[in-house]
Amino acid sequence: MEALFREALLALPQAPLRDLLRVGACSLCAMRFLSVRGRVYSQSVPASPAILAEIGNGDGLESDRSSASCCTVCQGILQSAGVGLAVLEAIQKEGHEFCDFSLEVTVPSATLVRERSLWCYLRKEHPEDFKAEDPNECIVSLKEAVKWTFGPQIEAALVKNSFLGMGKVMDKNSNFHISLVFKHANSSSEIQFLSDLSGGDSKRKRGPVEAGESIAAVQRSLASISSDAFARHYPCPPPQLDTPCELVSSCRKDAIFVVGRYLKYSRSISQSPWTIQEDRIGDGSVQASACEIIGDVIFPHFKADSYKFHAAGREDIDVRMLGSGRPFLLEILNARTCSKQEELLKLEHAINSNKDGWVKVKGLKEAGNEVWTIMRQGEADKQKEYTAVVWLSRPVTEADFTTLSNSKELEIQQKTPVRVLHRRSPLVRPRIIHWMRCEALHDSSCYFLLHLCTQAGTYVKEFVHGDLGRTYPNVGSLLDCDAEILCLDVTNVKMDFL
Amino acid sequence: MEDKEEENAAVLALYPRAHELPARAPPAHETNFTHYFALDVGGKEFHDQYLYRHGNGLCVVGLAPSHLALRSPSKIKIVDYDVGKKSRADMKASGRRKKDAQVLEENSSLCKVSSEDAEFLVRCCIRGQLLEVNERLTSDPSLLSRKVPSQGYIAILMPKPEAWKKAEKSLLTREQYKQQRMQQE
């Protein structure tokens, strides 16, 4: 036995240590109960018999389970062999590229019960060393011990496998998660007595029956049971078991975000896929949507599970999105490859070279979780600029242009437009038209171009045609005639960062 | 200066040229709605009403151009939504699901239109929830005759699909309406 380890061993309280090993805890669990922390877990810790030989067996115990194959507390988890290999297999199956990893550990709820059982026994036998009522205040949690024990093992396995590149370290802030799920067949029957005792977990009225088995639920139940009541229903120290836990390893990457701005030049493409009762909306041959046109180019590049398209607002299918474009983000779930900026530039070029030219993108780049705050920031208080082709029921005059451009910060009252009244509350919403500017349109006598800047959430079409007089004032009322809108374009969506 | 002109030219190039523009822009109440008509509502001759149905199922109800009230020389004086037990203008539909919106029947009355010498009762023509009445008519009844197809609407109803199927059978399309009423010109 290593000299350092032997020294550390002798520094621990000997009687409890001996007892722990003799009732069937593995050496690592013994260390856990004696509040040992840190790197020592990943070094080769001798098994119980060797330690007992070193510190002396003691006497006065009826049975000695120290040579049993399976730890009665962690159910064999901390002795698992081949963890590195299992993780390697999981990673190679998915084919992830990553630079560091974090470990997520799931253990059967029965380990909590067994810990409590051992704790009750120790409090009875060694009251000076184990005072607290709740073991969680003093002992090292099993999940932490698993990370200390196997983290370095996994790092070593990844280094050896040169296919995955240079060494990857364990870092809790990593976006790549390796999950170790330990399962034991008897776990649910072992904790059954808890739900019988507490009369069923009252917090969970709905949900699957297994909900009562979650770590959190078991923790709640244990917290509400006194040691005496516990000892009446479960043997202390915990009983032996024949089979260890099984390990299932998997891995996944956090969502990555590709952001940019898009422009939509077609009046027959919707922003997102649009179906009404299984019929796809859109012109016969043009069944694409802006979201799909962009996603179909970017998504394959990441070899991911799926993607979601989010945009800062939306425009109608027959409205073009021009100018600087509308900010959007693509949430890419469980991407296998990492992206580089040059590749994103190539994807941007690929989208923009599409022969149909209906959708273009600008400023594609990768971003982190801050995207959500950035997107939200655009919603309620931003201004939007539009250009509309307006028709009047009488010839357009210079006086009309002056009337409209003299209107600054015009407040209008919009009743919920009829076209959305079936799915929105019937309300009257005050909105502001910040400014308007008119432009003659190619020698036309009854048409002109109206450029305007409005408060977010303004229905511009209704401001022009008046929506049966339910939006007031409207262009027709301002110019004392009938006005109609032929077409509309969004020319500017102001947002600072994207 | 030249850059600005170029920029303007570029913007204008995005828009249709004069010869590509229709002489008269189709009005919003024609493009977004399908027009139906009911003749002799309530059994009264020439009490013709229109029912504009939007693609989302909502129906806007109003007086058709051939309605007696609009053809007689005496002006419309009053539009009164108080039709007996309650005033239709007191209705409160709130929320996305239109809670508390009253369900009216095909022959429920919506309002009374009074001119100097006659009174006309306007009916729903379709079973559905009453979402809105046009209160502007109370203060400006002339809208009924000045802006027949748009701002002079009487009310907006939300029928269920089955109610629409039933009502559609007795309504006329625009073409049928023109034929029937034009003949009598």
# chains A, B, ... in the order shown; residues from 1 in each chain; ligands from 1
$ interface_residues --of "chain B" --to "chain A" --cutoff "8 Å" --atoms "only C-alpha atoms" --output "compact mmCIF listing (two decimals) with N, CA, C and O atoms, in the first residue's frame"
# COMPACT_ATOMS: atom_id res chain seq x y z
N LEU B 12 -37.14 52.74 -56.30
CA LEU B 12 -38.28 52.79 -57.22
C LEU B 12 -38.31 51.56 -58.12
O LEU B 12 -39.36 51.08 -58.51
N ARG B 17 -44.22 49.57 -62.40
CA ARG B 17 -44.30 50.78 -63.19
C ARG B 17 -45.78 51.13 -63.43
O ARG B 17 -46.64 50.28 -63.24
N ALA B 18 -46.01 52.35 -63.85
CA ALA B 18 -47.40 52.83 -63.95
C ALA B 18 -48.28 51.91 -64.79
O ALA B 18 -49.41 51.61 -64.42
N ARG B 24 -57.81 50.65 -60.95
CA ARG B 24 -58.46 50.80 -59.65
C ARG B 24 -57.97 49.68 -58.76
O ARG B 24 -58.12 48.51 -59.09
N ALA B 25 -57.39 50.04 -57.65
CA ALA B 25 -56.92 49.00 -56.73
C ALA B 25 -58.12 48.30 -56.11
O ALA B 25 -59.05 48.96 -55.66
N PRO B 26 -58.16 46.98 -56.14
CA PRO B 26 -59.31 46.29 -55.55
C PRO B 26 -59.42 46.62 -54.06
O PRO B 26 -58.42 46.53 -53.34
N PRO B 27 -60.59 47.03 -53.62
CA PRO B 27 -60.72 47.42 -52.21
C PRO B 27 -60.56 46.22 -51.27
O PRO B 27 -60.84 45.09 -51.64
N ALA B 28 -60.08 46.52 -50.07
CA ALA B 28 -59.80 45.46 -49.09
C ALA B 28 -61.04 44.62 -48.81
O ALA B 28 -60.95 43.41 -48.63
N HIS B 29 -62.23 45.25 -48.81
CA HIS B 29 -63.42 44.46 -48.48
C HIS B 29 -63.84 43.57 -49.64
O HIS B 29 -64.75 42.76 -49.50
N HIS B 54 -65.24 36.47 -44.35
CA HIS B 54 -63.79 36.50 -44.44
C HIS B 54 -63.26 35.06 -44.52
O HIS B 54 -63.94 34.13 -44.12
N GLY B 55 -62.06 34.92 -45.02
CA GLY B 55 -61.43 33.60 -45.10
C GLY B 55 -61.35 32.91 -43.75
O GLY B 55 -61.31 31.68 -43.68
N ASN B 56 -61.36 33.68 -42.66
CA ASN B 56 -61.26 33.05 -41.36
C ASN B 56 -62.63 32.71 -40.78
O ASN B 56 -62.73 32.26 -39.64
N GLY B 57 -63.72 32.91 -41.56
CA GLY B 57 -65.04 32.51 -41.11
C GLY B 57 -65.88 33.63 -40.53
O GLY B 57 -67.10 33.47 -40.37
N LEU B 58 -65.29 34.75 -40.19
CA LEU B 58 -66.08 35.84 -39.61
C LEU B 58 -66.99 36.46 -40.68
O LEU B 58 -66.60 36.54 -41.84
N ALA B 93 -67.75 41.01 -25.57
CA ALA B 93 -67.03 39.76 -25.83
C ALA B 93 -65.59 40.01 -25.47
O ALA B 93 -65.00 40.99 -25.89
N SER B 94 -65.00 39.16 -24.65
CA SER B 94 -63.63 39.46 -24.26
C SER B 94 -62.75 38.24 -24.40
O SER B 94 -63.22 37.11 -24.29
N GLY B 95 -61.51 38.46 -24.60
CA GLY B 95 -60.55 37.37 -24.64
C GLY B 95 -60.52 36.69 -25.99
O GLY B 95 -61.37 36.88 -26.84
N ARG B 96 -59.46 35.88 -26.16
CA ARG B 96 -59.28 35.21 -27.43
C ARG B 96 -60.46 34.31 -27.76
O ARG B 96 -60.82 34.13 -28.91
N ARG B 97 -61.07 33.69 -26.73
CA ARG B 97 -62.15 32.76 -27.01
C ARG B 97 -63.51 33.45 -27.02
O ARG B 97 -64.53 32.80 -27.01
N LYS B 98 -63.49 34.81 -26.95
CA LYS B 98 -64.73 35.59 -27.08
C LYS B 98 -65.74 35.18 -26.00
O LYS B 98 -66.89 34.87 -26.27
N LEU B 131 -69.77 39.58 -32.22
CA LEU B 131 -68.47 40.07 -31.76
C LEU B 131 -68.44 41.58 -31.64
O LEU B 131 -67.74 42.12 -30.79
N SER B 150 -68.44 49.39 -47.00
CA SER B 150 -67.34 49.24 -46.04
C SER B 150 -67.68 49.82 -44.68
O SER B 150 -68.15 49.11 -43.80
N GLN B 151 -67.52 51.12 -44.51
CA GLN B 151 -67.64 51.68 -43.17
C GLN B 151 -69.07 51.66 -42.66
O GLN B 151 -69.31 51.90 -41.49
N GLY B 152 -70.04 51.40 -43.55
CA GLY B 152 -71.43 51.36 -43.11
C GLY B 152 -71.86 50.00 -42.61
O GLY B 152 -73.04 49.72 -42.50
N TYR B 153 -70.96 49.14 -42.26
CA TYR B 153 -71.35 47.78 -41.82
C TYR B 153 -72.13 47.88 -40.52
O TYR B 153 -71.98 48.83 -39.76
N MET B 158 -69.54 35.76 -35.55
CA MET B 158 -68.65 34.60 -35.68
C MET B 158 -69.48 33.33 -35.65
O MET B 158 -69.86 32.85 -34.57
$ residues_around --residues "stretch 343-347 of chain A" --least-positions-apart "2" --cutoff "8 Å" --atoms "only C-alpha atoms" --output "number ranges by chain"
A: 297-298, 339-341, 349-351, 364-365
$ select_by_dssp --residues "stretch 6-77 of chain B" --states "alpha helix (DSSP H)" --output "number ranges by chain"
B: 6-13, 28-31, 68-71
$ write_last_selection --atoms "N, CA and C atoms" --output "PDB file, in the first residue's frame"
ATOM      1  N   GLU B   6     -29.260  57.790 -57.043  1.00  0.00           N
ATOM      2  CA  GLU B   6     -29.110  56.369 -57.406  1.00  0.00           C
ATOM      3  C   GLU B   6     -29.882  55.502 -56.432  1.00  0.00           C
ATOM      4  N   GLU B   7     -29.752  55.872 -55.163  1.00  0.00           N
ATOM      5  CA  GLU B   7     -30.448  55.080 -54.140  1.00  0.00           C
ATOM      6  C   GLU B   7     -31.950  55.132 -54.390  1.00  0.00           C
ATOM      7  N   ASN B   8     -32.450  56.330 -54.661  1.00  0.00           N
ATOM      8  CA  ASN B   8     -33.888  56.459 -54.912  1.00  0.00           C
ATOM      9  C   ASN B   8     -34.310  55.649 -56.114  1.00  0.00           C
ATOM     10  N   ALA B   9     -33.464  55.716 -57.165  1.00  0.00           N
ATOM     11  CA  ALA B   9     -33.816  54.968 -58.377  1.00  0.00           C
ATOM     12  C   ALA B   9     -33.865  53.482 -58.059  1.00  0.00           C
ATOM     13  N   ALA B  10     -32.921  53.040 -57.228  1.00  0.00           N
ATOM     14  CA  ALA B  10     -32.898  51.624 -56.882  1.00  0.00           C
ATOM     15  C   ALA B  10     -34.173  51.235 -56.140  1.00  0.00           C
ATOM     16  N   VAL B  11     -34.605  52.113 -55.243  1.00  0.00           N
ATOM     17  CA  VAL B  11     -35.829  51.811 -54.484  1.00  0.00           C
ATOM     18  C   VAL B  11     -37.022  51.747 -55.427  1.00  0.00           C
ATOM     19  N   LEU B  12     -37.139  52.743 -56.300  1.00  0.00           N
ATOM     20  CA  LEU B  12     -38.283  52.789 -57.218  1.00  0.00           C
ATOM     21  C   LEU B  12     -38.308  51.565 -58.122  1.00  0.00           C
ATOM     22  N   ALA B  13     -37.103  51.076 -58.450  1.00  0.00           N
ATOM     23  CA  ALA B  13     -37.043  49.934 -59.363  1.00  0.00           C
ATOM     24  C   ALA B  13     -37.700  48.705 -58.745  1.00  0.00           C
ATOM     25  N   ALA B  28     -60.079  46.517 -50.065  1.00  0.00           N
ATOM     26  CA  ALA B  28     -59.798  45.462 -49.094  1.00  0.00           C
ATOM     27  C   ALA B  28     -61.035  44.624 -48.814  1.00  0.00           C
ATOM     28  N   HIS B  29     -62.233  45.253 -48.815  1.00  0.00           N
ATOM     29  CA  HIS B  29     -63.420  44.464 -48.485  1.00  0.00           C
ATOM     30  C   HIS B  29     -63.840  43.570 -49.638  1.00  0.00           C
ATOM     31  N   GLU B  30     -63.182  43.718 -50.808  1.00  0.00           N
ATOM     32  CA  GLU B  30     -63.464  42.778 -51.902  1.00  0.00           C
ATOM     33  C   GLU B  30     -62.408  41.684 -51.946  1.00  0.00           C
ATOM     34  N   THR B  31     -61.155  42.016 -51.714  1.00  0.00           N
ATOM     35  CA  THR B  31     -60.104  41.009 -51.798  1.00  0.00           C
ATOM     36  C   THR B  31     -60.158  40.038 -50.634  1.00  0.00           C
ATOM     37  N   LEU B  68     -84.301  48.974 -49.276  1.00  0.00           N
ATOM     38  CA  LEU B  68     -85.271  50.067 -49.323  1.00  0.00           C
ATOM     39  C   LEU B  68     -84.771  51.325 -48.634  1.00  0.00           C
ATOM     40  N   ALA B  69     -84.152  51.132 -47.479  1.00  0.00           N
ATOM     41  CA  ALA B  69     -83.721  52.294 -46.693  1.00  0.00           C
ATOM     42  C   ALA B  69     -82.748  53.156 -47.469  1.00  0.00           C
ATOM     43  N   LEU B  70     -81.988  52.519 -48.369  1.00  0.00           N
ATOM     44  CA  LEU B  70     -80.983  53.269 -49.115  1.00  0.00           C
ATOM     45  C   LEU B  70     -81.541  53.825 -50.429  1.00  0.00           C
ATOM     46  N   ARG B  71     -82.706  53.303 -50.838  1.00  0.00           N
ATOM     47  CA  ARG B  71     -83.246  53.727 -52.115  1.00  0.00           C
ATOM     48  C   ARG B  71     -84.230  54.879 -51.955  1.00  0.00           C
TER      49      ARG B  71
END
$ residues_around --residues "stretch 107-113 of chain B" --least-positions-apart "2" --cutoff "9 Å" --atoms "only C-alpha atoms" --output "number ranges by chain"
B: 41-42, 69, 76-83, 87-88, 104-105, 115, 118-127, 133, 141, 154-155
$ residues_around --residues "B:Pro149" --least-positions-apart "5" --cutoff "9 Å" --atoms "only C-alpha atoms" --output "list in words"
Leu468 of chain A; His29, Tyr50, Gly62, Leu63, Ala64, Pro65 and Leu144 of chain B
$ residues_around --residues "A:Ala290" --least-positions-apart "3" --cutoff "7 Å" --atoms "only C-alpha atoms" --output "PyMOL selection string"
chain A and resi 269-272+293-294+359
$ write_last_selection --atoms "N, CA, C and O atoms" --output "tab-separated table (two decimals), in the first residue's frame"
chain	number	residue	atom	x	y	z
A	269	ILE	N	-44.05	33.41	-50.39
A	269	ILE	CA	-43.39	32.52	-49.43
A	269	ILE	C	-43.68	33.00	-48.02
A	269	ILE	O	-43.48	34.18	-47.71
A	270	SER	N	-44.11	32.11	-47.16
A	270	SER	CA	-44.34	32.49	-45.77
A	270	SER	C	-43.03	32.37	-45.01
A	270	SER	O	-42.09	31.74	-45.47
A	271	GLN	N	-43.01	32.97	-43.84
A	271	GLN	CA	-41.78	32.91	-43.06
A	271	GLN	C	-41.54	31.49	-42.56
A	271	GLN	O	-40.44	30.98	-42.61
A	272	SER	N	-42.60	30.87	-42.03
A	272	SER	CA	-42.45	29.51	-41.52
A	272	SER	C	-43.43	28.60	-42.23
A	272	SER	O	-44.41	29.08	-42.79
A	293	ILE	N	-35.90	27.31	-46.34
A	293	ILE	CA	-34.84	27.61	-47.31
A	293	ILE	C	-33.53	27.83	-46.57
A	293	ILE	O	-32.47	27.37	-47.00
A	294	ILE	N	-33.60	28.53	-45.44
A	294	ILE	CA	-32.38	28.79	-44.68
A	294	ILE	C	-31.94	27.53	-43.95
A	294	ILE	O	-30.77	27.14	-44.00
A	359	VAL	N	-34.94	34.21	-50.93
A	359	VAL	CA	-34.51	34.50	-49.56
A	359	VAL	C	-33.01	34.70	-49.54
A	359	VAL	O	-32.27	33.95	-50.18
$ select_by_dssp --residues "stretch 153-360 of chain A" --states "strand (DSSP E)" --output "ChimeraX atom specification"
/A:169-170,176-183,246-253,256-264,275-276,279-280,306-311,319-333,359-360
$ residues_around --residues "B:Leu130" --least-positions-apart "3" --cutoff "6 Å" --atoms "only C-alpha atoms" --output "list in words"
Ala101, Gln102 and Leu157 of chain B
